[in-house]
$ cat final-v2.cif   # mmCIF, C-alpha atoms (C1' of nucleotides)
data_structure
#
loop_
_atom_site.label_atom_id
_atom_site.label_comp_id
_atom_site.auth_asym_id
_atom_site.auth_seq_id
_atom_site.Cartn_x
_atom_site.Cartn_y
_atom_site.Cartn_z
CA MET G 1 -21.94 -39.52 -32.05
CA GLN G 2 -23.12 -36.05 -32.87
CA GLN G 3 -23.11 -33.73 -29.84
CA GLU G 4 -26.50 -32.19 -29.22
CA LYS G 5 -26.02 -28.43 -29.21
CA PRO G 6 -28.32 -26.98 -26.56
CA ARG G 7 -29.15 -23.84 -28.53
CA ARG G 8 -30.98 -22.22 -25.64
CA SER G 9 -32.10 -18.63 -25.47
CA ASN G 10 -30.31 -16.22 -23.21
CA ARG G 11 -33.31 -16.02 -20.96
CA GLU G 12 -33.39 -19.76 -20.48
CA ARG G 13 -29.71 -19.89 -19.72
CA SER G 14 -29.99 -17.14 -17.14
CA ASP G 15 -32.94 -18.72 -15.42
CA THR G 16 -31.40 -22.15 -15.10
CA THR G 17 -28.02 -20.97 -13.86
CA ARG G 18 -29.66 -18.55 -11.44
CA ALA G 19 -31.74 -21.39 -10.07
CA ALA G 20 -28.70 -23.68 -9.90
CA ILE G 21 -26.76 -21.09 -7.92
CA LEU G 22 -29.69 -20.47 -5.60
CA ASP G 23 -30.16 -24.19 -4.99
CA ALA G 24 -26.50 -24.84 -4.30
CA ALA G 25 -26.24 -21.78 -2.08
CA ARG G 26 -29.28 -22.79 -0.09
CA ASP G 27 -27.87 -26.25 0.57
CA LEU G 28 -24.52 -24.93 1.70
CA PHE G 29 -25.91 -22.07 3.76
CA ILE G 30 -28.02 -24.64 5.56
CA ALA G 31 -25.24 -27.14 6.03
CA LYS G 32 -22.47 -24.78 7.14
CA GLY G 33 -24.03 -21.40 7.79
CA TYR G 34 -23.57 -18.17 5.88
CA ALA G 35 -20.16 -17.25 7.23
CA ASP G 36 -18.57 -20.64 6.67
CA THR G 37 -19.89 -21.04 3.16
CA ALA G 38 -17.43 -19.89 0.51
CA THR G 39 -18.51 -18.73 -2.92
CA PRO G 40 -16.07 -21.10 -4.65
CA ASP G 41 -17.85 -24.00 -2.97
CA ILE G 42 -21.25 -22.72 -4.05
CA VAL G 43 -20.38 -22.40 -7.71
CA ALA G 44 -18.48 -25.68 -7.69
CA ALA G 45 -21.61 -27.41 -6.40
CA ALA G 46 -23.60 -25.72 -9.15
CA GLY G 47 -21.07 -26.70 -11.82
CA LEU G 48 -20.19 -23.08 -12.60
CA THR G 49 -17.60 -20.49 -11.77
CA ARG G 50 -17.63 -17.40 -9.60
CA GLY G 51 -18.04 -15.31 -12.71
CA ALA G 52 -21.59 -16.57 -13.09
CA LEU G 53 -22.38 -15.83 -9.46
CA TYR G 54 -21.14 -12.25 -9.57
CA HIS G 55 -22.88 -11.73 -12.88
CA HIS G 56 -26.27 -12.60 -11.40
CA PHE G 57 -25.84 -11.27 -7.87
CA GLU G 58 -24.20 -8.11 -6.66
CA ASP G 59 -22.33 -9.83 -3.85
CA LYS G 60 -22.54 -12.73 -1.45
CA LYS G 61 -25.02 -10.93 0.76
CA ALA G 62 -27.34 -10.28 -2.17
CA LEU G 63 -27.26 -13.96 -3.02
CA PHE G 64 -28.14 -14.77 0.56
CA ARG G 65 -31.01 -12.30 0.42
CA ALA G 66 -32.35 -13.95 -2.73
CA VAL G 67 -32.19 -17.35 -1.06
CA LEU G 68 -34.06 -16.00 1.95
CA GLU G 69 -36.76 -14.36 -0.14
CA ARG G 70 -37.43 -17.56 -2.01
CA GLU G 71 -37.57 -19.50 1.24
CA ALA G 72 -39.85 -16.98 2.93
CA GLY G 73 -42.11 -17.19 -0.07
CA HIS G 74 -42.40 -20.94 0.31
CA VAL G 75 -43.25 -20.60 3.99
CA ALA G 76 -45.87 -17.96 3.31
CA ALA G 77 -47.40 -20.05 0.54
CA ALA G 78 -47.65 -23.09 2.80
CA ILE G 79 -49.41 -21.07 5.47
CA GLU G 80 -51.71 -19.42 2.98
CA LEU G 81 -52.64 -22.86 1.70
CA SER G 82 -53.66 -24.09 5.14
CA ASP G 83 -55.87 -21.07 5.71
CA ARG G 84 -59.04 -22.60 4.30
CA GLY G 85 -60.31 -23.56 7.73
CA GLN G 86 -63.15 -21.26 8.73
CA GLY G 87 -63.56 -22.23 12.34
CA SER G 88 -63.52 -19.76 15.20
CA PRO G 89 -60.90 -17.01 15.10
CA ARG G 90 -59.16 -18.78 17.94
CA ASP G 91 -59.01 -22.02 15.98
CA ALA G 92 -57.80 -20.13 12.94
CA LEU G 93 -54.88 -18.81 14.97
CA LEU G 94 -54.00 -22.26 16.22
CA THR G 95 -54.29 -23.70 12.73
CA GLY G 96 -51.98 -21.00 11.45
CA ALA G 97 -49.50 -21.73 14.21
CA SER G 98 -49.55 -25.40 13.39
CA ALA G 99 -49.05 -24.65 9.69
CA TYR G 100 -46.13 -22.40 10.58
CA PHE G 101 -44.63 -25.20 12.65
CA ASP G 102 -44.97 -27.55 9.70
CA ALA G 103 -43.52 -25.12 7.20
CA MET G 104 -40.56 -24.33 9.39
CA SER G 105 -39.84 -27.99 10.01
CA ILE G 106 -38.31 -28.24 6.54
CA PRO G 107 -34.65 -28.75 7.41
CA GLY G 108 -32.59 -25.60 7.34
CA ARG G 109 -35.37 -23.07 7.31
CA VAL G 110 -34.91 -22.25 10.96
CA ARG G 111 -31.25 -21.56 10.45
CA LEU G 112 -31.83 -19.52 7.31
CA LEU G 113 -34.77 -17.44 8.43
CA LEU G 114 -34.33 -17.19 12.19
CA LEU G 115 -30.61 -17.37 12.87
CA ASP G 116 -28.40 -16.29 10.01
CA GLY G 117 -30.98 -14.05 8.40
CA PRO G 118 -31.33 -11.50 11.18
CA ALA G 119 -27.61 -11.51 11.92
CA VAL G 120 -26.48 -11.08 8.31
CA LEU G 121 -29.17 -8.80 6.92
CA GLY G 122 -30.32 -7.07 10.08
CA VAL G 123 -33.72 -7.10 11.72
CA ALA G 124 -35.17 -4.37 9.52
CA GLU G 125 -34.48 -6.18 6.28
CA ILE G 126 -35.77 -9.47 7.64
CA ALA G 127 -38.93 -7.76 8.82
CA ALA G 128 -39.34 -6.26 5.36
CA ILE G 129 -38.88 -9.65 3.72
CA ASP G 130 -41.52 -11.50 5.61
CA ALA G 131 -43.81 -8.50 5.69
CA ALA G 132 -43.69 -8.62 1.90
CA HIS G 133 -44.76 -12.26 2.03
CA GLY G 134 -47.83 -11.95 4.20
CA GLY G 135 -46.80 -10.85 7.67
CA ARG G 136 -50.16 -9.17 8.09
CA THR G 137 -52.07 -12.37 8.67
CA LEU G 138 -51.12 -12.83 12.31
CA ARG G 139 -52.09 -9.30 13.29
CA GLU G 140 -55.41 -9.63 11.53
CA GLY G 141 -56.07 -13.06 12.96
CA LEU G 142 -55.35 -11.78 16.43
CA ALA G 143 -57.58 -8.77 15.92
CA ALA G 144 -60.41 -11.06 14.93
CA ALA G 145 -59.91 -13.28 17.96
CA MET G 146 -59.58 -10.55 20.58
CA PRO G 147 -62.52 -8.97 22.35
CA PRO G 148 -63.05 -5.78 20.35
CA GLY G 149 -62.25 -2.29 21.55
CA ARG G 150 -59.91 -3.37 24.30
CA LEU G 151 -56.72 -2.63 22.42
CA ASP G 152 -55.50 0.33 20.39
CA GLY G 153 -53.48 -0.15 17.21
CA ALA G 154 -50.06 0.04 18.85
CA GLY G 155 -51.08 -2.44 21.51
CA LEU G 156 -52.42 -4.85 18.96
CA THR G 157 -49.29 -4.57 16.84
CA ALA G 158 -47.04 -5.13 19.83
CA THR G 159 -49.05 -8.14 20.93
CA ALA G 160 -48.95 -9.66 17.45
CA VAL G 161 -45.19 -9.10 17.26
CA LEU G 162 -44.61 -10.81 20.59
CA LEU G 163 -46.85 -13.69 19.64
CA SER G 164 -44.90 -14.07 16.44
CA ALA G 165 -41.72 -14.12 18.49
CA ALA G 166 -43.18 -16.95 20.53
CA PHE G 167 -43.91 -18.86 17.33
CA ASP G 168 -40.36 -18.35 16.19
CA ARG G 169 -38.84 -19.52 19.43
CA ALA G 170 -41.07 -22.55 19.45
CA VAL G 171 -39.88 -23.69 16.05
CA LEU G 172 -36.30 -22.93 17.09
CA GLU G 173 -36.64 -25.21 20.09
CA ILE G 174 -38.36 -27.92 18.10
CA ASP G 175 -35.67 -27.65 15.47
CA ALA G 176 -33.09 -28.08 18.22
CA GLY G 177 -34.75 -31.32 19.26
CA ALA G 178 -37.50 -30.34 21.66
CA ALA G 179 -40.86 -32.08 21.51
CA ARG G 180 -43.54 -30.34 19.53
CA ASP G 181 -46.58 -30.84 21.71
CA PRO G 182 -45.55 -28.82 24.75
CA TYR G 183 -44.84 -25.84 22.55
CA LEU G 184 -48.06 -26.11 20.59
CA GLY G 185 -49.80 -26.35 23.94
CA ALA G 186 -47.97 -23.31 25.27
CA ILE G 187 -48.93 -21.35 22.16
CA GLY G 188 -52.52 -22.33 22.74
CA ARG G 189 -52.32 -21.14 26.33
CA LEU G 190 -50.86 -17.81 25.24
CA ILE G 191 -53.63 -17.31 22.70
CA ASP G 192 -56.36 -18.38 25.10
CA GLY G 193 -54.99 -16.01 27.70
CA LEU G 194 -54.92 -13.11 25.28
CA THR G 195 -58.36 -13.69 23.86
CA GLY G 196 -59.89 -14.11 27.28
CA ARG G 197 -60.40 -17.87 27.24
CA MET K 198 13.76 12.30 32.54
CA GLN K 199 14.04 8.76 33.89
CA GLN K 200 11.43 6.41 32.40
CA GLU K 201 9.30 4.71 35.04
CA LYS K 202 9.67 0.96 34.58
CA PRO K 203 6.26 -0.65 35.23
CA ARG K 204 7.69 -3.76 36.89
CA ARG K 205 4.33 -5.52 37.02
CA SER K 206 3.77 -9.16 37.84
CA ASN K 207 2.84 -11.54 35.08
CA ARG K 208 -0.62 -11.93 36.52
CA GLU K 209 -1.21 -8.20 36.45
CA ARG K 210 -0.03 -7.92 32.87
CA SER K 211 -2.28 -10.72 31.73
CA ASP K 212 -5.32 -9.34 33.45
CA THR K 213 -4.97 -5.84 32.08
CA THR K 214 -4.29 -6.88 28.50
CA ARG K 215 -7.08 -9.42 28.62
CA ALA K 216 -9.44 -6.73 29.79
CA ALA K 217 -8.16 -4.29 27.17
CA ILE K 218 -8.77 -6.80 24.40
CA LEU K 219 -12.23 -7.62 25.72
CA ASP K 220 -13.15 -3.95 25.94
CA ALA K 221 -11.94 -3.13 22.46
CA ALA K 222 -13.56 -6.22 21.01
CA ARG K 223 -16.87 -5.40 22.66
CA ASP K 224 -16.88 -1.90 21.21
CA LEU K 225 -16.10 -3.08 17.70
CA PHE K 226 -18.45 -6.06 17.77
CA ILE K 227 -21.20 -3.64 18.75
CA ALA K 228 -20.30 -1.01 16.20
CA LYS K 229 -19.75 -3.24 13.17
CA GLY K 230 -20.95 -6.71 14.08
CA TYR K 231 -18.91 -9.87 14.55
CA ALA K 232 -18.30 -10.65 10.89
CA ASP K 233 -17.19 -7.15 9.92
CA THR K 234 -14.84 -6.76 12.86
CA ALA K 235 -11.26 -7.71 12.06
CA THR K 236 -8.80 -8.84 14.69
CA PRO K 237 -6.19 -6.31 13.53
CA ASP K 238 -8.67 -3.55 14.32
CA ILE K 239 -9.39 -4.99 17.75
CA VAL K 240 -5.79 -5.17 18.86
CA ALA K 241 -5.00 -1.79 17.31
CA ALA K 242 -7.78 -0.26 19.40
CA ALA K 243 -6.32 -1.98 22.46
CA GLY K 244 -2.79 -0.82 21.68
CA LEU K 245 -1.50 -4.34 21.19
CA THR K 246 -0.81 -6.84 18.43
CA ARG K 247 -2.53 -9.98 17.27
CA GLY K 248 0.02 -12.02 19.13
CA ALA K 249 -1.51 -10.93 22.41
CA LEU K 250 -4.99 -11.81 21.24
CA TYR K 251 -4.09 -15.29 20.12
CA HIS K 252 -2.12 -15.84 23.26
CA HIS K 253 -5.14 -15.17 25.47
CA PHE K 254 -7.89 -16.55 23.25
CA GLU K 255 -7.96 -19.65 21.11
CA ASP K 256 -9.52 -17.90 18.15
CA LYS K 257 -11.83 -15.08 17.20
CA LYS K 258 -14.90 -17.05 18.17
CA ALA K 259 -13.53 -17.76 21.62
CA LEU K 260 -12.92 -14.05 22.10
CA PHE K 261 -16.49 -13.38 21.07
CA ARG K 262 -17.71 -15.99 23.53
CA ALA K 263 -15.76 -14.34 26.32
CA VAL K 264 -17.27 -10.97 25.46
CA LEU K 265 -20.76 -12.49 25.49
CA GLU K 266 -20.24 -14.20 28.82
CA ARG K 267 -19.13 -10.99 30.46
CA GLU K 268 -22.09 -9.15 28.97
CA ALA K 269 -24.58 -11.83 29.98
CA GLY K 270 -23.16 -11.66 33.47
CA HIS K 271 -23.83 -7.94 33.65
CA VAL K 272 -27.40 -8.40 32.49
CA ALA K 273 -28.03 -11.17 35.00
CA ALA K 274 -26.53 -9.09 37.78
CA ALA K 275 -28.73 -6.13 36.95
CA ILE K 276 -31.84 -8.28 37.04
CA GLU K 277 -30.79 -9.99 40.23
CA LEU K 278 -30.33 -6.57 41.79
CA SER K 279 -33.85 -5.48 40.95
CA ASP K 280 -35.34 -8.62 42.42
CA ARG K 281 -35.76 -7.26 45.94
CA GLY K 282 -39.43 -6.39 45.40
CA GLN K 283 -41.61 -8.95 47.14
CA GLY K 284 -45.00 -8.04 45.72
CA SER K 285 -47.33 -10.56 44.14
CA PRO K 286 -45.77 -13.16 41.86
CA ARG K 287 -47.41 -11.39 38.96
CA ASP K 288 -45.80 -8.09 39.94
CA ALA K 289 -42.48 -9.83 40.39
CA LEU K 290 -42.69 -11.07 36.81
CA LEU K 291 -43.46 -7.61 35.52
CA THR K 292 -40.69 -6.10 37.60
CA GLY K 293 -38.29 -8.63 36.18
CA ALA K 294 -39.43 -7.84 32.67
CA SER K 295 -38.90 -4.16 33.25
CA ALA K 296 -35.46 -4.79 34.68
CA TYR K 297 -34.62 -6.91 31.66
CA PHE K 298 -35.75 -4.10 29.39
CA ASP K 299 -33.51 -1.69 31.25
CA ALA K 300 -30.52 -3.99 31.22
CA MET K 301 -30.87 -4.68 27.53
CA SER K 302 -31.20 -1.01 26.71
CA ILE K 303 -27.45 -0.61 27.19
CA PRO K 304 -26.36 0.07 23.61
CA GLY K 305 -25.11 -2.95 21.78
CA ARG K 306 -26.37 -5.62 24.11
CA VAL K 307 -29.23 -6.51 21.81
CA ARG K 308 -26.90 -7.01 18.90
CA LEU K 309 -24.39 -8.99 20.94
CA LEU K 310 -26.76 -11.24 22.83
CA LEU K 311 -29.76 -11.57 20.53
CA LEU K 312 -28.46 -11.23 16.98
CA ASP K 313 -24.81 -12.11 16.53
CA GLY K 314 -24.64 -14.44 19.50
CA PRO K 315 -27.09 -17.08 18.30
CA ALA K 316 -25.82 -16.90 14.73
CA VAL K 317 -22.13 -17.17 15.59
CA LEU K 318 -22.19 -19.56 18.54
CA GLY K 319 -25.42 -21.42 17.87
CA VAL K 320 -28.55 -21.61 19.97
CA ALA K 321 -27.26 -24.35 22.23
CA GLU K 322 -24.21 -22.42 23.34
CA ILE K 323 -26.20 -19.24 23.87
CA ALA K 324 -28.73 -21.13 25.92
CA ALA K 325 -25.89 -22.56 27.99
CA ILE K 326 -24.41 -19.13 28.54
CA ASP K 327 -27.47 -17.45 29.91
CA ALA K 328 -28.55 -20.57 31.73
CA ALA K 329 -25.25 -20.33 33.57
CA HIS K 330 -26.08 -16.77 34.55
CA GLY K 331 -29.47 -17.30 36.06
CA GLY K 332 -31.89 -18.40 33.38
CA ARG K 333 -33.89 -20.26 35.96
CA THR K 334 -35.53 -17.20 37.43
CA LEU K 335 -38.18 -16.77 34.77
CA ARG K 336 -39.36 -20.36 34.99
CA GLU K 337 -39.54 -20.15 38.77
CA GLY K 338 -41.28 -16.82 38.70
CA LEU K 339 -43.82 -18.14 36.27
CA ALA K 340 -44.38 -21.25 38.36
CA ALA K 341 -45.10 -19.07 41.37
CA ALA K 342 -47.55 -16.91 39.45
CA MET K 343 -49.50 -19.68 37.75
CA PRO K 344 -52.44 -21.47 39.32
CA PRO K 345 -50.85 -24.62 40.70
CA GLY K 346 -51.30 -28.09 39.31
CA ARG K 347 -52.52 -26.99 35.94
CA LEU K 348 -49.24 -27.51 34.14
CA ASP K 349 -46.73 -30.33 34.02
CA GLY K 350 -42.99 -29.68 33.93
CA ALA K 351 -42.65 -29.73 30.17
CA GLY K 352 -45.57 -27.37 29.74
CA LEU K 353 -44.16 -24.98 32.28
CA THR K 354 -40.75 -25.04 30.66
CA ALA K 355 -42.19 -24.43 27.22
CA THR K 356 -44.31 -21.57 28.47
CA ALA K 357 -41.35 -19.96 30.20
CA VAL K 358 -39.24 -20.31 27.06
CA LEU K 359 -41.90 -18.68 24.91
CA LEU K 360 -42.37 -15.89 27.41
CA SER K 361 -38.63 -15.31 27.38
CA ALA K 362 -38.78 -15.16 23.59
CA ALA K 363 -41.42 -12.46 23.89
CA PHE K 364 -39.13 -10.51 26.21
CA ASP K 365 -36.32 -10.81 23.72
CA ARG K 366 -38.39 -9.67 20.78
CA ALA K 367 -39.69 -6.75 22.78
CA VAL K 368 -36.21 -5.46 23.52
CA LEU K 369 -35.27 -6.07 19.90
CA GLU K 370 -38.12 -3.89 18.73
CA ILE K 371 -37.42 -1.23 21.30
CA ASP K 372 -33.77 -1.28 20.33
CA ALA K 373 -34.85 -0.80 16.71
CA GLY K 374 -36.73 2.33 17.68
CA ALA K 375 -40.16 1.15 18.81
CA ALA K 376 -41.83 2.72 21.82
CA ARG K 377 -41.40 0.90 25.07
CA ASP K 378 -44.84 1.20 26.59
CA PRO K 379 -46.83 -0.85 24.09
CA TYR K 380 -44.43 -3.73 24.53
CA LEU K 381 -44.39 -3.57 28.28
CA GLY K 382 -48.15 -3.52 28.08
CA ALA K 383 -48.23 -6.49 25.74
CA ILE K 384 -45.96 -8.40 28.10
CA GLY K 385 -48.36 -7.61 30.92
CA ARG K 386 -51.25 -8.90 28.88
CA LEU K 387 -49.40 -12.12 28.09
CA ILE K 388 -48.62 -12.68 31.75
CA ASP K 389 -52.13 -11.84 32.91
CA GLY K 390 -53.57 -14.19 30.34
CA LEU K 391 -51.28 -17.01 31.43
CA THR K 392 -51.85 -16.58 35.13
CA GLY K 393 -55.62 -16.34 34.71
CA ARG K 394 -55.97 -12.60 35.28
"C1'" DC J 395 -27.58 -12.36 -44.10
"C1'" DT J 396 -24.10 -10.20 -41.62
"C1'" DA J 397 -21.98 -6.91 -38.84
"C1'" DA J 398 -22.21 -4.73 -34.48
"C1'" DC J 399 -23.61 -5.07 -30.02
"C1'" DT J 400 -24.70 -7.13 -25.70
"C1'" DA J 401 -25.60 -10.70 -22.37
"C1'" DA J 402 -23.61 -14.70 -20.01
"C1'" DC J 403 -20.36 -16.46 -18.44
"C1'" DA J 404 -14.85 -17.86 -17.35
"C1'" DT J 405 -10.28 -16.45 -15.89
"C1'" DA J 406 -6.92 -13.58 -13.55
"C1'" DC J 407 -5.68 -10.43 -10.04
"C1'" DA J 408 -5.38 -7.39 -5.75
"C1'" DG J 409 -6.17 -6.72 -1.11
"C1'" DG J 410 -7.41 -8.29 3.43
"C1'" DC J 411 -8.21 -11.54 7.03
"C1'" DT J 412 -7.50 -15.69 9.92
"C1'" DG J 413 -4.66 -18.87 12.17
"C1'" DT J 414 0.01 -20.59 13.00
"C1'" DA J 415 4.88 -20.68 13.42
"C1'" DT J 416 8.68 -18.42 15.10
"C1'" DG J 417 11.33 -14.93 17.56
"C1'" DT J 418 12.25 -12.01 21.83
"C1'" DA J 419 12.08 -10.05 26.35
"C1'" DT J 420 10.64 -10.31 30.99
"C1'" DG J 421 9.07 -12.54 35.21
"C1'" DC J 422 9.93 -16.50 38.07
"C1'" DA J 423 12.00 -20.53 40.24
"C1'" DA J 424 15.84 -23.46 41.55
"C1'" DT T 425 22.66 -16.55 38.07
"C1'" DT T 426 21.09 -19.94 35.35
"C1'" DG T 427 17.32 -22.09 33.17
"C1'" DC T 428 12.56 -22.23 32.02
"C1'" DA T 429 7.98 -20.50 31.26
"C1'" DT T 430 4.98 -16.68 30.36
"C1'" DA T 431 3.56 -12.75 27.61
"C1'" DC T 432 3.76 -10.92 24.05
"C1'" DA T 433 5.53 -9.21 18.80
"C1'" DT T 434 6.67 -10.39 14.07
"C1'" DA T 435 6.49 -13.12 9.92
"C1'" DC T 436 4.24 -16.28 6.95
"C1'" DA T 437 0.86 -19.37 4.38
"C1'" DG T 438 -3.56 -20.12 2.74
"C1'" DC T 439 -8.11 -18.73 1.73
"C1'" DC T 440 -11.76 -15.67 0.55
"C1'" DT T 441 -14.11 -11.65 -1.42
"C1'" DG T 442 -14.82 -8.40 -4.96
"C1'" DT T 443 -13.27 -6.50 -9.37
"C1'" DA T 444 -11.21 -6.21 -13.82
"C1'" DT T 445 -10.57 -8.36 -17.99
"C1'" DG T 446 -11.17 -11.84 -21.58
"C1'" DT T 447 -14.15 -15.04 -24.42
"C1'" DT T 448 -18.12 -17.16 -26.37
"C1'" DA T 449 -22.77 -17.22 -27.79
"C1'" DG T 450 -27.18 -14.93 -28.51
"C1'" DT T 451 -29.63 -10.80 -30.25
"C1'" DT T 452 -30.64 -7.05 -33.16
"C1'" DA T 453 -30.01 -3.27 -36.81
"C1'" DG T 454 -29.36 -2.43 -41.59
#
$ encode --input "final-v2.cif" --output "structure tokens"
Amino acid sequence: MQQEKPRRSNRERSDTTRAAILDAARDLFIAKGYADTATPDIVAAAGLTRGALYHHFEDKKALFRAVLEREAGHVAAAIELSDRGQGSPRDALLTGASAYFDAMSIPGRVRLLLLDGPAVLGVAEIAAIDAAHGGRTLREGLAAAMPPGRLDGAGLTATAVLLSAAFDRAVLEIDAGAARDPYLGAIGRLIDGLTGR
Amino acid sequence: MQQEKPRRSNRERSDTTRAAILDAARDLFIAKGYADTATPDIVAAAGLTRGALYHHFEDKKALFRAVLEREAGHVAAAIELSDRGQGSPRDALLTGASAYFDAMSIPGRVRLLLLDGPAVLGVAEIAAIDAAHGGRTLREGLAAAMPPGRLDGAGLTATAVLLSAAFDRAVLEIDAGAARDPYLGAIGRLIDGLTGR
DNA sequence: CTAACTAACATACAGGCTGTATGTATGCAA
DNA sequence: TTGCATACATACAGCCTGTATGTTAGTTAG
């Protein structure tokens, strides 16, 4: 019974352990929240020790940030993918909202991105994270759907931000057990009201 | 130099120390956040020891909850107070929004009620807290301002929840340094769109 | 090919924090 | 005034984070 020596390159080793730590951390952050998740538990779940964690990440918060960035990337990719529809600007907004609902219905994403994220990293950093992953789309979609010339840049930005907040709250409520249809309907009413029916 | 013996009743002692702990905790939770605030620091600021804290509160989270409830009460009271205007339902909504903006501009309230609160206590408990302090008003105000019969109960509730989310995000942005006017304007546009101009 | 260096971990340690258990003094009630 | 309960203070155990140090394996210079 000769043991198979892995003989992997350093790069491979780093990548796999990094991924293992990220996966385990994600699961535990989702299950118990950031504060109640201990680094010994994370590395135990990944079959490693805390030495590996602190070799790859500066501290627990940096690990959390890495988990969030990966998750935000997945959400952005899912929305991007659904963007092929070329209906009216109004329909494009509703399609995007629906895709956002779908993407955020993956268990744990609400907690990661909308609850623990802002509290642990602060609003500025969270805004930076999902701005880096395509936060422009909503503002542009809204600009396309609004009657032109009625809104200056600041007004448009503020409106897009508030609409995004409505999206977030909707997925929060749905995640907490609320029905999806009333919130998708309410989003539609908000959009229709803004774009002038 | 005879020392003046306080000779206070037990009830008095409890009330003052409870208040002292709540005050000190509020200041530190605001300044450093819930997670980075240590109970030794809280009681040191209050001139007491941890024994007093754990005598009056079950644990750190319960203390935080008590701080939040007091703060939510102040916000609700401020809004209630501004509610005397009996203009159109639409104006009443905008007046309420403005009052909410004012109330939440007290430093630290955004962090307490909108960032740390949901993350530490969970959305359900936060919802319960500000439902207990008059969360009905927005739904009722919206019902009065909307054209009647166009919305069932679930739709109205969802719309009110999303509008409330927009309020929250607006004060978050303003708290983070954004200008107030664009957001008050955006709120107005949302309301006008919902109520059919 | 090998010696030196470095990356990728594991192990050990120091400080701090939370929650609890225990001790003490003061108000209160019989 | 005697006994009990309330309002604290003090002491302790366990856990967690971040760092410092040790060890093994991969990489590179000569």
$ interface_residues --input "final-v2.cif" --of "chain G" --to "chain J" --cutoff "9 Å" --atoms "all atoms listed in the file" --output "PyMOL selection string"
chain G and resi 10+13-14+48-52+55
$ resolve_selection --input "final-v2.cif" --expression "the PyMOL selection byres ((chain K) within 10 of (chain G))" --output "compact mmCIF listing (two decimals) with C-alpha atoms, in the frame of the given file"
# COMPACT_ATOMS: atom_id res chain seq x y z
CA GLY K 230 -20.95 -6.71 14.08
CA TYR K 231 -18.91 -9.87 14.55
CA ALA K 232 -18.30 -10.65 10.89
CA ARG K 308 -26.90 -7.01 18.90
CA LEU K 309 -24.39 -8.99 20.94
CA LEU K 311 -29.76 -11.57 20.53
CA LEU K 312 -28.46 -11.23 16.98
CA ASP K 313 -24.81 -12.11 16.53
CA GLY K 314 -24.64 -14.44 19.50
CA PRO K 315 -27.09 -17.08 18.30
CA ALA K 316 -25.82 -16.90 14.73
CA VAL K 317 -22.13 -17.17 15.59
CA GLY K 319 -25.42 -21.42 17.87
CA VAL K 320 -28.55 -21.61 19.97
CA ALA K 321 -27.26 -24.35 22.23
CA LEU K 348 -49.24 -27.51 34.14
CA ASP K 349 -46.73 -30.33 34.02
CA GLY K 350 -42.99 -29.68 33.93
CA ALA K 351 -42.65 -29.73 30.17
CA GLY K 352 -45.57 -27.37 29.74
CA LEU K 353 -44.16 -24.98 32.28
CA THR K 354 -40.75 -25.04 30.66
CA ALA K 355 -42.19 -24.43 27.22
CA THR K 356 -44.31 -21.57 28.47
CA ALA K 357 -41.35 -19.96 30.20
CA VAL K 358 -39.24 -20.31 27.06
CA LEU K 359 -41.90 -18.68 24.91
CA LEU K 360 -42.37 -15.89 27.41
CA SER K 361 -38.63 -15.31 27.38
CA ALA K 362 -38.78 -15.16 23.59
CA ALA K 363 -41.42 -12.46 23.89
CA PHE K 364 -39.13 -10.51 26.21
CA ASP K 365 -36.32 -10.81 23.72
CA ARG K 366 -38.39 -9.67 20.78
CA ALA K 367 -39.69 -6.75 22.78
CA LEU K 369 -35.27 -6.07 19.90
CA GLU K 370 -38.12 -3.89 18.73
CA ALA K 373 -34.85 -0.80 16.71
CA ALA K 375 -40.16 1.15 18.81
CA ALA K 376 -41.83 2.72 21.82
CA ARG K 377 -41.40 0.90 25.07
CA ASP K 378 -44.84 1.20 26.59
CA PRO K 379 -46.83 -0.85 24.09
CA TYR K 380 -44.43 -3.73 24.53
CA LEU K 381 -44.39 -3.57 28.28
CA GLY K 382 -48.15 -3.52 28.08
CA ALA K 383 -48.23 -6.49 25.74
CA ILE K 384 -45.96 -8.40 28.10
CA ARG K 386 -51.25 -8.90 28.88
CA LEU K 387 -49.40 -12.12 28.09
CA ILE K 388 -48.62 -12.68 31.75
CA ASP K 389 -52.13 -11.84 32.91
CA GLY K 390 -53.57 -14.19 30.34
CA LEU K 391 -51.28 -17.01 31.43
CA THR K 392 -51.85 -16.58 35.13
CA GLY K 393 -55.62 -16.34 34.71
CA ARG K 394 -55.97 -12.60 35.28
$ resolve_selection --input "final-v2.cif" --expression "the PyMOL selection byres ((chain T) within 12 of (chain G))" --output "ChimeraX atom specification"
/T:439-446,449-451
$ atom_distance --input "final-v2.cif" --atom1 "CA of Ile126 (chain G)" --atom2 "CA of Leu113 (chain G)"
8.1 Å
$ residues_around --input "final-v2.cif" --residues "Leu22 (chain G)" --least-positions-apart "6" --cutoff "8 Å" --atoms "all atoms listed in the file" --output "ChimeraX atom specification"
/G:63,66-67
$ resolve_selection --input "final-v2.cif" --expression "the PyMOL selection byres ((chain K and resi 274) around 12)" --output "list in words"
Arg267, Glu268, Ala269, Gly270, His271, Val272, Ala273, Ala275, Ile276, Glu277, Leu278, Ser279, Asp280, Gly293, Ala296, Tyr297, Ala300, Met301, Asp327, His330, Gly331 and Gly332 of chain K
$ atom_distance --input "final-v2.cif" --atom1 "CA of Arg26 (chain G)" --atom2 "CA of Gly47 (chain G)"
14.8 Å
$ atom_distance --input "final-v2.cif" --atom1 "CA of Glu140 (chain G)" --atom2 "CA of Gly385 (chain K)"
20.7 Å
$ axis_aligned_box --input "final-v2.cif" --around "region 34-46 of chain G" --padding-each-side "4 Å" --output "JSON"
{"center_x": -19.8, "center_y": -22.3, "center_z": -1.0, "size_x": 15.5, "size_y": 18.2, "size_z": 24.4}
